[in-house]
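Student: Input file: final_20.txt. Contents: compact mmCIF, C-alpha atoms.
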```
# COMPACT_ATOMS: atom_id res chain seq x y z
CA MET A 1 9.08 -28.77 55.32
CA GLN A 2 5.62 -29.99 54.40
CA GLY A 3 4.33 -26.41 54.65
CA VAL A 4 7.06 -25.17 52.31
CA ASN A 5 6.24 -27.85 49.75
CA LYS A 6 2.56 -26.92 49.95
CA ALA A 7 3.38 -23.24 49.39
CA VAL A 8 5.58 -24.08 46.40
CA ALA A 9 2.80 -26.22 44.95
CA ILE A 10 0.26 -23.41 45.35
CA VAL A 11 2.58 -20.86 43.72
CA GLY A 12 3.37 -23.31 40.92
CA ALA A 13 -0.31 -23.95 40.27
CA PHE A 14 -0.99 -20.22 40.21
CA LEU A 15 1.82 -19.54 37.73
CA LEU A 16 0.68 -22.43 35.53
CA ALA A 17 -2.88 -21.10 35.51
CA LEU A 18 -1.64 -17.59 34.74
CA ALA A 19 0.48 -18.86 31.86
CA ALA A 20 -2.43 -20.86 30.47
CA TYR A 21 -4.73 -17.85 30.72
CA ALA A 22 -2.17 -15.60 29.00
CA TYR A 23 -1.72 -18.14 26.22
CA GLY A 24 -5.45 -18.39 25.68
CA TRP A 25 -5.83 -14.61 25.65
CA TYR A 26 -2.89 -14.27 23.24
CA ARG A 27 -4.37 -16.72 20.77
CA GLY A 28 -7.75 -15.06 21.02
CA ASP A 29 -6.27 -11.60 20.55
CA LEU A 30 -4.61 -12.73 17.35
CA GLY A 31 -7.87 -14.08 16.02
CA LYS A 32 -6.81 -17.71 16.35
CA GLN A 33 -8.99 -20.45 17.78
CA PRO A 34 -8.91 -19.59 21.49
CA ASP A 35 -8.27 -22.12 24.19
CA LEU A 36 -9.50 -20.26 27.26
CA VAL A 37 -11.57 -17.35 25.92
CA PRO A 38 -15.16 -17.67 24.73
CA ALA A 39 -14.60 -16.07 21.32
CA ALA A 40 -11.66 -14.80 19.32
CA THR A 41 -11.61 -11.03 19.25
CA ALA A 42 -10.94 -11.16 15.52
CA GLU A 43 -14.38 -12.70 15.10
CA GLU A 44 -16.29 -10.03 17.01
CA GLU A 45 -18.43 -7.90 14.72
CA ASP A 46 -17.93 -4.68 16.67
CA ARG A 47 -14.20 -4.89 17.33
CA LYS A 48 -12.24 -1.66 17.00
CA THR A 49 -9.34 -3.08 15.03
CA TYR A 50 -8.96 -4.82 11.68
CA TYR A 51 -7.17 -8.16 11.38
CA PRO A 52 -6.15 -8.75 7.75
CA ASN A 53 -7.80 -11.70 6.01
CA THR A 54 -10.47 -12.20 8.66
CA GLU A 55 -13.39 -10.26 7.17
CA GLU A 56 -15.28 -10.80 3.95
CA LEU A 57 -16.72 -7.68 2.39
CA GLY A 58 -20.45 -7.43 1.86
CA PRO A 59 -21.84 -7.36 -1.70
CA ASN A 60 -22.08 -3.54 -1.63
CA GLU A 61 -19.19 -2.83 0.72
CA MET A 62 -15.94 -0.97 0.08
CA ARG A 63 -12.81 -1.08 2.22
CA VAL A 64 -10.08 1.59 2.02
CA ILE A 65 -6.68 1.10 3.68
CA SER A 66 -3.99 3.76 4.03
CA LEU A 67 -0.61 2.33 3.02
CA GLY A 68 1.25 5.65 2.81
CA THR A 69 0.17 9.02 4.20
CA GLY A 70 3.37 10.95 4.80
CA MET A 71 5.49 13.67 3.25
CA PRO A 72 7.84 13.71 0.23
CA ASN A 73 10.70 12.73 2.57
CA GLN A 74 10.43 9.28 4.10
CA ARG A 75 10.29 7.96 7.62
CA LYS A 76 9.47 4.63 9.22
CA SER A 77 6.17 5.65 10.82
CA GLN A 78 4.62 6.99 7.61
CA ALA A 79 5.37 5.77 4.10
CA SER A 80 4.74 8.04 1.14
CA ALA A 81 1.41 8.23 -0.68
CA CYS A 82 -0.41 4.95 -1.29
CA TRP A 83 -4.02 3.80 -0.85
CA LEU A 84 -5.67 0.41 -1.31
CA VAL A 85 -9.34 0.15 -2.28
CA GLU A 86 -11.06 -3.25 -1.96
CA LEU A 87 -14.57 -3.92 -3.26
CA GLY A 88 -17.20 -6.49 -2.44
CA ASN A 89 -16.87 -8.00 -5.92
CA GLY A 90 -13.27 -9.03 -5.14
CA ASP A 91 -11.52 -6.27 -7.08
CA LYS A 92 -8.60 -4.43 -5.49
CA PHE A 93 -6.97 -1.20 -6.69
CA ILE A 94 -3.89 0.70 -5.55
CA PHE A 95 -3.74 4.48 -5.91
CA ASP A 96 -0.20 5.88 -5.97
CA LEU A 97 2.80 3.83 -4.92
CA GLY A 98 5.01 6.04 -2.79
CA THR A 99 8.34 5.09 -1.27
CA GLY A 100 8.01 2.61 1.59
CA SER A 101 4.38 1.76 0.92
CA VAL A 102 4.87 -1.80 -0.34
CA ALA A 103 6.15 -2.83 3.11
CA ASN A 104 2.77 -1.73 4.48
CA LEU A 105 1.01 -3.58 1.67
CA SER A 106 2.87 -6.74 2.68
CA VAL A 107 1.41 -6.81 6.20
CA LEU A 108 -2.05 -7.34 4.70
CA GLU A 109 -0.81 -10.70 3.32
CA ILE A 110 -2.70 -10.33 0.05
CA PRO A 111 -1.27 -12.33 -2.89
CA TYR A 112 0.52 -10.04 -5.33
CA ASP A 113 -1.67 -11.35 -8.14
CA LEU A 114 -4.65 -9.73 -6.40
CA VAL A 115 -3.01 -6.31 -5.99
CA ASN A 116 -1.88 -6.03 -9.60
CA LYS A 117 -3.71 -2.83 -10.62
CA VAL A 118 -2.03 0.49 -9.82
CA PHE A 119 -3.27 3.99 -10.69
CA VAL A 120 -0.67 6.76 -10.50
CA GLY A 121 -1.66 10.40 -10.08
CA HIS A 122 1.76 11.79 -11.01
CA LEU A 123 5.37 10.75 -11.19
CA HIS A 124 6.96 12.34 -8.14
CA SER A 125 9.05 9.76 -6.29
CA ASP A 126 6.90 10.04 -3.18
CA HIS A 127 3.97 8.82 -5.30
CA ILE A 128 5.69 6.18 -7.46
CA GLY A 129 8.98 5.47 -5.63
CA ASP A 130 8.04 1.88 -4.74
CA PHE A 131 7.43 0.90 -8.35
CA ALA A 132 10.30 -1.63 -8.37
CA ALA A 133 9.29 -3.04 -4.98
CA TRP A 134 5.80 -3.70 -6.35
CA HIS A 135 6.81 -4.79 -9.87
CA ILE A 136 9.96 -6.84 -9.27
CA GLY A 137 9.30 -7.57 -5.60
CA GLY A 138 5.86 -8.90 -6.51
CA TRP A 139 7.43 -11.06 -9.23
CA VAL A 140 9.86 -12.55 -6.72
CA GLY A 141 7.03 -12.74 -4.18
CA GLY A 142 5.01 -15.24 -6.20
CA ARG A 143 3.03 -13.24 -8.74
CA GLN A 144 2.09 -15.41 -11.72
CA LYS A 145 0.50 -12.87 -14.08
CA ALA A 146 1.59 -9.55 -15.55
CA PRO A 147 0.63 -6.55 -13.39
CA ARG A 148 -1.11 -3.49 -14.83
CA ILE A 149 -0.48 0.20 -14.30
CA TRP A 150 -2.45 3.29 -15.35
CA GLY A 151 -1.22 6.86 -15.39
CA PRO A 152 -1.35 10.15 -17.28
CA ASP A 153 0.41 10.77 -20.56
CA GLY A 154 2.85 13.63 -21.05
CA PRO A 155 2.26 16.83 -23.01
CA GLU A 156 3.00 16.71 -26.73
CA ASP A 157 6.24 18.62 -26.24
CA HIS A 158 7.26 16.49 -23.24
CA PRO A 159 6.33 12.83 -23.80
CA GLU A 160 9.05 11.93 -21.29
CA TRP A 161 6.74 13.25 -18.57
CA GLY A 162 4.30 10.42 -19.26
CA THR A 163 3.72 7.14 -17.44
CA LYS A 164 4.84 4.90 -20.30
CA TYR A 165 8.18 6.66 -20.58
CA PHE A 166 8.67 6.28 -16.83
CA VAL A 167 7.86 2.57 -16.81
CA ASP A 168 9.91 1.79 -19.92
CA HIS A 169 12.97 3.47 -18.46
CA GLN A 170 12.50 1.91 -15.05
CA ILE A 171 12.52 -1.46 -16.79
CA LYS A 172 15.69 -0.50 -18.66
CA SER A 173 17.38 0.65 -15.47
CA TYR A 174 16.69 -2.74 -13.88
CA ALA A 175 17.99 -4.70 -16.89
CA TRP A 176 20.57 -6.64 -14.86
CA ASP A 177 17.96 -7.55 -12.24
CA ILE A 178 15.26 -8.55 -14.72
CA ASP A 179 17.57 -10.47 -17.08
CA GLY A 180 19.00 -12.40 -14.14
CA ARG A 181 15.56 -13.54 -13.02
CA SER A 182 14.22 -14.38 -16.49
CA GLY A 183 14.09 -18.11 -17.06
CA ARG A 184 14.02 -18.65 -13.30
CA LEU A 185 10.65 -17.03 -12.63
CA PRO A 186 7.46 -16.94 -14.74
CA THR A 187 8.38 -14.66 -17.64
CA VAL A 188 4.89 -13.22 -18.04
CA ALA A 189 4.82 -12.08 -14.39
CA GLY A 190 7.92 -9.97 -14.99
CA GLN A 191 6.23 -8.09 -17.79
CA ILE A 192 3.89 -5.15 -17.23
CA GLU A 193 0.89 -3.66 -19.02
CA VAL A 194 1.03 0.14 -19.21
CA ASN A 195 -2.11 2.17 -19.88
CA GLU A 196 -1.95 5.92 -20.47
CA PHE A 197 -4.84 8.36 -20.57
CA PRO A 198 -4.99 12.12 -21.29
CA HIS A 199 -3.68 14.30 -18.48
CA ASP A 200 -5.47 17.42 -19.67
CA LYS A 201 -9.15 16.45 -19.61
CA LEU A 202 -11.71 14.23 -17.92
CA SER A 203 -11.30 10.66 -19.11
CA VAL A 204 -12.41 7.17 -18.14
CA ALA A 205 -9.16 5.37 -17.37
CA TYR A 206 -10.73 2.03 -16.44
CA HIS A 207 -14.16 0.44 -16.89
CA GLU A 208 -14.30 -3.28 -16.10
CA ASN A 209 -16.41 -5.60 -13.94
CA GLY A 210 -18.81 -2.80 -13.08
CA VAL A 211 -16.02 -0.53 -11.80
CA LYS A 212 -15.39 2.87 -13.41
CA ILE A 213 -12.28 4.89 -12.61
CA ALA A 214 -12.16 8.42 -13.98
CA ALA A 215 -9.25 10.86 -14.03
CA TRP A 216 -9.14 14.63 -14.44
CA PRO A 217 -6.46 17.35 -14.33
CA ALA A 218 -4.77 18.20 -11.04
CA VAL A 219 -2.88 21.45 -10.41
CA HIS A 220 0.60 20.58 -9.16
CA ILE A 221 3.85 22.23 -10.31
CA MET A 222 3.44 21.61 -14.07
CA ALA A 223 1.25 19.78 -16.58
CA GLY A 224 0.74 16.06 -16.03
CA PRO A 225 -0.80 15.27 -12.61
CA VAL A 226 -4.35 13.97 -12.24
CA SER A 227 -6.87 13.10 -9.54
CA PHE A 228 -9.12 10.03 -9.55
CA SER A 229 -12.60 8.82 -8.71
CA LEU A 230 -13.69 5.19 -8.43
CA GLU A 231 -17.37 4.33 -8.77
CA TRP A 232 -18.90 0.90 -8.21
CA LYS A 233 -22.55 0.21 -7.52
CA ASN A 234 -23.56 3.00 -5.11
CA ARG A 235 -20.05 3.49 -3.72
CA LYS A 236 -17.72 6.35 -4.69
CA PHE A 237 -14.09 6.93 -3.71
CA VAL A 238 -12.11 10.07 -4.63
CA PHE A 239 -8.34 10.56 -4.38
CA SER A 240 -6.61 13.85 -5.12
CA SER A 241 -3.03 12.57 -5.31
CA ASP A 242 -1.24 15.96 -5.18
CA THR A 243 -3.16 19.06 -6.21
CA PHE A 244 -4.01 22.63 -5.35
CA PRO A 245 -7.78 23.23 -5.12
CA ASN A 246 -9.30 23.45 -8.57
CA GLN A 247 -12.59 23.46 -10.47
CA TRP A 248 -12.20 19.92 -11.83
CA PHE A 249 -11.95 18.43 -8.36
CA ILE A 250 -15.03 20.28 -7.11
CA GLU A 251 -17.01 19.16 -10.15
CA HIS A 252 -16.08 15.48 -10.04
CA ALA A 253 -15.60 14.78 -6.31
CA LYS A 254 -19.18 15.40 -5.20
CA ASN A 255 -21.55 12.67 -3.94
CA ALA A 256 -18.67 10.54 -2.67
CA ASP A 257 -18.42 8.23 0.30
CA ILE A 258 -14.71 8.88 0.77
CA VAL A 259 -12.78 11.94 -0.38
CA ILE A 260 -9.02 11.93 0.23
CA HIS A 261 -7.38 15.30 -0.36
CA GLU A 262 -3.78 16.23 0.17
CA THR A 263 -3.43 18.50 3.21
CA PHE A 264 0.16 19.63 3.54
CA GLY A 265 1.92 20.40 6.80
CA THR A 266 1.63 24.00 7.94
CA ILE A 267 4.07 26.76 7.06
CA ARG A 268 5.26 26.95 10.67
CA GLN A 269 5.72 23.18 10.93
CA ASN A 270 7.99 23.15 7.90
CA ILE A 271 9.97 26.14 9.19
CA ASP A 272 10.33 24.87 12.75
CA LEU A 273 10.61 21.11 12.20
CA GLN A 274 12.15 20.79 8.73
CA GLY A 275 14.34 23.88 8.78
CA TRP A 276 12.86 25.38 5.62
CA ASP A 277 13.31 29.10 5.09
CA ARG A 278 10.18 31.24 5.40
CA ALA A 279 9.70 31.96 1.70
CA ASN A 280 10.17 28.37 0.53
CA SER A 281 7.97 26.97 3.29
CA ALA A 282 5.16 29.40 2.43
CA LEU A 283 5.45 28.64 -1.29
CA VAL A 284 5.55 24.84 -1.02
CA SER A 285 3.04 24.57 1.81
CA SER A 286 0.46 26.95 0.35
CA ARG A 287 0.93 27.11 -3.43
CA VAL A 288 2.53 23.88 -4.62
CA HIS A 289 0.44 21.90 -2.11
CA THR A 290 -2.91 22.47 -0.42
CA PRO A 291 -2.79 24.07 3.04
CA PRO A 292 -5.14 22.56 5.63
CA ALA A 293 -7.67 25.41 5.71
CA ALA A 294 -7.96 25.25 1.92
CA ALA A 295 -8.43 21.48 2.08
CA GLY A 296 -11.20 22.10 4.59
CA LYS A 297 -12.89 24.47 2.17
CA VAL A 298 -12.72 21.81 -0.55
CA PHE A 299 -14.29 19.27 1.81
CA SER A 300 -17.06 21.77 2.60
CA MET A 301 -17.77 22.23 -1.09
CA VAL A 302 -17.90 18.53 -2.07
CA LYS A 303 -19.50 17.26 1.19
CA PRO A 304 -18.24 13.65 1.42
CA ARG A 305 -19.57 11.13 3.89
CA MET A 306 -15.98 11.01 5.18
CA ALA A 307 -13.18 13.46 4.46
CA ILE A 308 -9.61 12.21 4.82
CA ALA A 309 -6.68 14.60 5.11
CA TYR A 310 -3.25 13.19 4.22
CA HIS A 311 0.26 14.22 3.11
CA PHE A 312 1.54 15.56 6.43
CA PHE A 313 3.48 14.14 9.35
CA ASN A 314 0.79 13.16 11.83
CA ASP A 315 2.53 13.57 15.19
CA GLU A 316 1.57 14.55 18.72
CA ASN A 317 3.01 18.02 18.12
CA THR A 318 1.43 18.54 14.66
CA TRP A 319 -2.04 17.02 14.51
CA GLU A 320 -3.79 19.67 16.59
CA ASP A 321 -2.63 22.52 14.35
CA MET A 322 -3.71 20.54 11.29
CA TYR A 323 -7.08 19.76 12.85
CA ASN A 324 -7.77 23.34 13.90
CA GLU A 325 -6.82 24.71 10.48
CA ILE A 326 -9.13 22.26 8.71
CA ARG A 327 -11.93 22.93 11.19
CA SER A 328 -11.71 26.65 10.45
CA THR A 329 -13.42 25.90 7.12
CA TYR A 330 -15.03 22.44 7.53
CA ASP A 331 -17.24 20.90 10.20
CA GLY A 332 -18.11 17.52 8.66
CA PRO A 333 -16.81 13.96 9.24
CA LEU A 334 -13.01 13.93 9.17
CA THR A 335 -10.05 11.59 9.57
CA LEU A 336 -6.48 12.82 9.94
CA ALA A 337 -4.73 10.01 8.12
CA LYS A 338 -1.88 7.88 9.34
CA ASP A 339 -0.55 4.63 7.94
CA LEU A 340 -2.59 1.44 8.27
CA LEU A 341 -6.00 2.84 9.02
CA VAL A 342 -9.00 1.12 7.48
CA TRP A 343 -12.37 2.55 6.48
CA ASN A 344 -15.23 0.12 5.87
CA VAL A 345 -17.97 1.79 3.83
CA THR A 346 -21.56 0.53 3.74
CA ASP A 347 -24.92 2.18 3.21
CA ASP A 348 -25.37 2.54 6.96
CA GLU A 349 -21.98 3.72 8.18
CA ILE A 350 -18.29 4.34 7.61
CA ASN A 351 -16.32 2.47 10.26
CA VAL A 352 -12.77 3.72 10.91
CA ARG A 353 -10.29 1.40 12.62
CA GLU A 354 -6.61 0.55 12.87
CA VAL A 355 -5.02 -2.42 11.13
CA VAL A 356 -3.41 -4.98 13.44
CA ALA A 357 -0.15 -5.46 11.56
CA GLN A 358 2.09 -8.50 11.85
CA GLU A 359 5.42 -7.20 10.55
CA ALA A 360 7.24 -10.53 10.14
CA VAL A 361 5.19 -11.77 7.19
CA TRP A 362 5.95 -13.90 4.15
CA PRO A 363 4.44 -13.31 0.70
CA ALA A 364 1.01 -14.90 0.32
CA LYS A 365 0.72 -17.66 -2.28
CA SER A 366 -0.93 -16.84 -5.59
CA PRO A 367 -4.45 -18.21 -6.06
CA PHE A 368 -3.48 -19.04 -9.65
CA GLY A 369 -1.05 -21.83 -8.84
CA THR A 370 2.48 -21.80 -10.21
CA VAL A 371 3.41 -20.96 -13.80
CA PRO A 372 6.64 -22.72 -14.82
CA PRO A 373 9.55 -20.49 -15.87
CA THR A 374 9.96 -20.06 -19.61
CA GLY A 375 12.62 -18.69 -21.92
CA ASP A 376 16.38 -18.68 -21.76
CA ARG A 377 18.18 -17.77 -18.60
CA GLU A 378 21.53 -16.14 -18.17
CA GLU A 379 24.31 -18.30 -16.74
CA LEU A 380 27.62 -17.53 -15.09
CA PRO A 381 30.48 -17.08 -17.58
CA PRO A 382 33.27 -19.69 -17.41
CA TRP A 383 35.72 -17.35 -15.67
CA LEU A 384 33.31 -16.88 -12.76
CA VAL A 385 32.52 -20.60 -12.60
CA ASP A 386 36.27 -21.25 -12.37
CA GLY A 387 36.40 -19.03 -9.29
CA ILE A 388 33.77 -20.97 -7.33
CA LEU A 389 35.09 -22.67 -4.19
CA GLU A 390 34.64 -26.43 -4.04
CA MET A 391 31.58 -26.89 -1.84
CA GLU A 392 29.75 -29.77 -3.50
CA ASP A 393 30.07 -32.12 -0.54
CA VAL A 394 28.47 -29.47 1.67
CA ILE A 395 25.80 -28.56 -0.89
CA GLU A 396 24.87 -32.18 -1.64
CA ALA A 397 24.44 -32.95 2.06
CA TYR A 398 22.38 -29.78 2.44
CA TYR A 399 20.06 -30.87 -0.42
CA GLU A 400 19.55 -34.19 1.34
CA ARG A 401 18.74 -32.57 4.68
CA GLN A 402 16.23 -30.27 2.98
CA GLY A 403 14.46 -33.14 1.20
CA VAL A 404 15.49 -32.20 -2.36
CA GLY A 405 18.37 -34.63 -2.86
CA ASP A 406 16.68 -36.04 -5.97
CA ILE A 407 17.35 -32.83 -7.94
CA TYR A 408 20.92 -32.29 -6.79
CA GLU A 409 22.62 -33.68 -9.90
CA GLU A 410 20.65 -31.54 -12.35
CA GLN A 411 21.62 -28.35 -10.51
CA VAL A 412 25.36 -28.91 -10.25
CA PRO A 413 27.04 -26.06 -12.23
CA LYS A 414 28.53 -27.32 -15.47
CA LYS A 415 32.19 -26.48 -15.99
```
Any chance you could put this one into structure tokens?

Tutor:
Amino acid sequence: MQGVNKAVAIVGAFLLALAAYAYGWYRGDLGKQPDLVPAATAEEEDRKTYYPNTEELGPNEMRVISLGTGMPNQRKSQASACWLVELGNGDKFIFDLGTGSVANLSVLEIPYDLVNKVFVGHLHSDHIGDFAAWHIGGWVGGRQKAPRIWGPDGPEDHPEWGTKYFVDHQIKSYAWDIDGRSGRLPTVAGQIEVNEFPHDKLSVAYHENGVKIAAWPAVHIMAGPVSFSLEWKNRKFVFSSDTFPNQWFIEHAKNADIVIHETFGTIRQNIDLQGWDRANSALVSSRVHTPPAAAGKVFSMVKPRMAIAYHFFNDENTWEDMYNEIRSTYDGPLTLAKDLLVWNVTDDEINVREVVAQEAVWPAKSPFGTVPPTGDREELPPWLVDGILEMEDVIEAYYERQGVGDIYEEQVPKK
């Protein structure tokens, strides 16, 4: 019996030690203060992954994060077009805002007040479909100031193709939502500043705090789309949005650290995997969008420090065809994009890693405190108030348990 007890004690000690080790490794792997490891992996300078909110940018450093890299149709593994650019001066800019991308933005746990500048290349839903999630979701998520959006105007004969028309009518379409939140949330944070620039020529869309963002015409279906460059200190970022290769891009995308160019899935991929007919697949994949070999030729002409191909489904059965097609015309540095990659750009190198994403996140608090709600708020009409079940005993007790019993009386609906 004594031998059995000794064996049990040994096994118990072993399991306890194993559990303690695993706990210490777990905390270290998450970048928390480790208990049993010498240093948290999130603090190692040469780690191969990026833990949000653990790294300060250098004074001349730029960080680019892919928030949406997929196709016009959505799927969980790849949101539609969206890119975040962070600079060493603290500025942050979003380029395009495709469907599903704001969920990826959320895992970075950046306060919405700090991701309040969006630049839209064109108004296809896969490039602006998360507008409400960013605008209204950010308002609900703690934003205290009005966000800002920049995009191309429409042609003289089609002003409804412009960014302002889009935003104004999005706001109108969410009238019930916005009116119901007004007076309950900071009114100014529910507003939005819209800035249009010419779609048909080179223009400086933004020039503040040492950052210059230029836009020029893109060739995509009809008049309106643009591509962008961002320049700050000796850093340069270029984003095509959607475009077929064109002279404006070649002229303005040179001497860049990062060049992101749409690189659409191959004709065969869209026939075999999407069920498109041959003619439509060839047209969309090679005329409306840029095929991979043509994107490679563009990269060869502008010679970035890092070329990034996006706008295709990056799967085990697709990436090799994409890679080989691009490599038929380009032999320089290349990333085949997928969601939540990060590129850190310095004078010495461009470091490409994956983001370690915690999916169950809450909105980060605004650094600007809390602005009290202003203005009138809509209330329930009497006929709806009359239909409310009597729950005040339950609600009052709930207020007390939650530590807000002192404000119970002022929030009781008035009949």

Student: Record the distance separating CA of Val298 in chain A and CA of Ile250 in chain A, expressed in Å with one decimal.

Tutor: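 Distance between the two atoms: 7.1 Å.
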
Student: What is the CA of Gln191 in chain A to CA of Pro72 in chain A distance in Å?

Tutor: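 Rounded to one decimal, the two atoms are 28.3 Å apart.
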
Student: For a quick check of understanding, using all atoms listed in the file, which of A:Leu123, A:Ala175, A:Leu389, A:Ala357 has the smallest distance to Leu67 in chain A?

Tutor: A:Ala357

Student: Which protein, DNA or RNA residues have an atom at most 12 Å from (28.7, -30.1, -5.0), counting all atoms listed in the file? List them as number ranges by chain.

Tutor: A: 388-400, 405, 408-414

Student: Can you pull out the residues contacting range 229-234 of chain A? Cut-off 6 Å, using only C-alpha atoms, and skip same-chain residues under 2 positions away; I want them as a ChimeraX atom specification.

Tutor: /A:211-214,236-238

Student: Just C-alpha atoms for this one: save the residues we selected as a PDB file, keeping the file's coordinate frame.

Tutor:
```pdb
ATOM      1  CA  VAL A 211     -16.020  -0.530 -11.800  1.00  0.00           C
ATOM      2  CA  LYS A 212     -15.390   2.870 -13.410  1.00  0.00           C
ATOM      3  CA  ILE A 213     -12.280   4.890 -12.610  1.00  0.00           C
ATOM      4  CA  ALA A 214     -12.160   8.420 -13.980  1.00  0.00           C
ATOM      5  CA  LYS A 236     -17.720   6.350  -4.690  1.00  0.00           C
ATOM      6  CA  PHE A 237     -14.090   6.930  -3.710  1.00  0.00           C
ATOM      7  CA  VAL A 238     -12.110  10.070  -4.630  1.00  0.00           C
TER       8      VAL A 238
END
```

Student: Could you check which of A:Glu359, A:Asp315, A:Asp406, A:Glu354 is closest to Ala103 in chain A, using all atoms listed in the file?

Tutor: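 Of A:Glu359, A:Asp315, A:Asp406, A:Glu354, the one nearest Ala103 in chain A is A:Glu359, counting all atoms listed in the file.
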
Student: Counting all atoms listed in the file, figure out which residue out of A:Lys297, A:Lys164, A:Lys365, A:Lys92 gets nearest to Asn209 in chain A.

Tutor: A:Lys92

Student: Which residue is closest to Asp179 in chain A? Choose from A:Leu341, A:Val85, A:Ala223, A:Ile136 and count all atoms listed in the file.

Tutor: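 Ranking A:Leu341, A:Val85, A:Ala223, A:Ile136 by distance to Asp179 in chain A, first place goes to A:Ile136.
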
Student: Can you list, as a PyMOL selection string, every protein, DNA or RNA residue that comes within 10 Å of range 319-323 of chain A when you count only C-alpha atoms, leaving out same-chain residues fewer than 6 positions away?

Tutor: chain A and resi 263-266+268-269+291-293+296+309+312-313+330+334-337

Student: Got a sec: who's within 8 Å of Phe239 in chain A, counting all atoms listed in the file, leaving out chain neighbours fewer than 6 positions off, as a PDB file with C-alpha atoms, in the coordinates of the input?

Tutor:
```
ATOM      1  CA  PHE A  95      -3.740   4.480  -5.910  1.00  0.00           C
ATOM      2  CA  SER A 227      -6.870  13.100  -9.540  1.00  0.00           C
ATOM      3  CA  PHE A 228      -9.120  10.030  -9.550  1.00  0.00           C
ATOM      4  CA  SER A 229     -12.600   8.820  -8.710  1.00  0.00           C
ATOM      5  CA  VAL A 259     -12.780  11.940  -0.380  1.00  0.00           C
ATOM      6  CA  ILE A 260      -9.020  11.930   0.230  1.00  0.00           C
ATOM      7  CA  HIS A 261      -7.380  15.300  -0.360  1.00  0.00           C
TER       8      HIS A 261
END
```

Student: With all atoms listed in the file as the basis for distance, which of A:Ile128, A:Val288, A:Ala79, A:Val102 is at the shortest distance from Gln170 in chain A?

Tutor: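 Of all the options, A:Ile128 lies closest to Gln170 in chain A.
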
Student: Pick out the closest residue to Val194 in chain A from this set: A:Leu108, A:Ala360, A:Ala218, A:Val167. Count all atoms listed in the file.

Tutor: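 Of all the options, A:Val167 lies closest to Val194 in chain A.
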
Student: Enter the distance from CA of Ala253 in chain A to CA of Trp161 in chain A, in Å, rounded to one decimal.

Tutor: 25.5 Å

Student: Could you work out an axis-aligned bounding box for all listed atoms of range 177-193 of chain A, with 3 Å added on each of the six sides, and give its centre and edge lengths in Å to one decimal, as AutoDock Vina command-line options?

Tutor:
```
--center_x 9.9 --center_y -11.2 --center_z -15.6 --size_x 24.1 --size_y 21.0 --size_z 12.8
```

Student: Kindly provide, as a VMD selection string, the polymer residues lying within 10 Å of (4.5, -6.5, -19.9), counting only C-alpha atoms and using the coordinates exactly as they appear in the file.

Tutor: chain A and resid 145 to 148 168 171 187 to 194
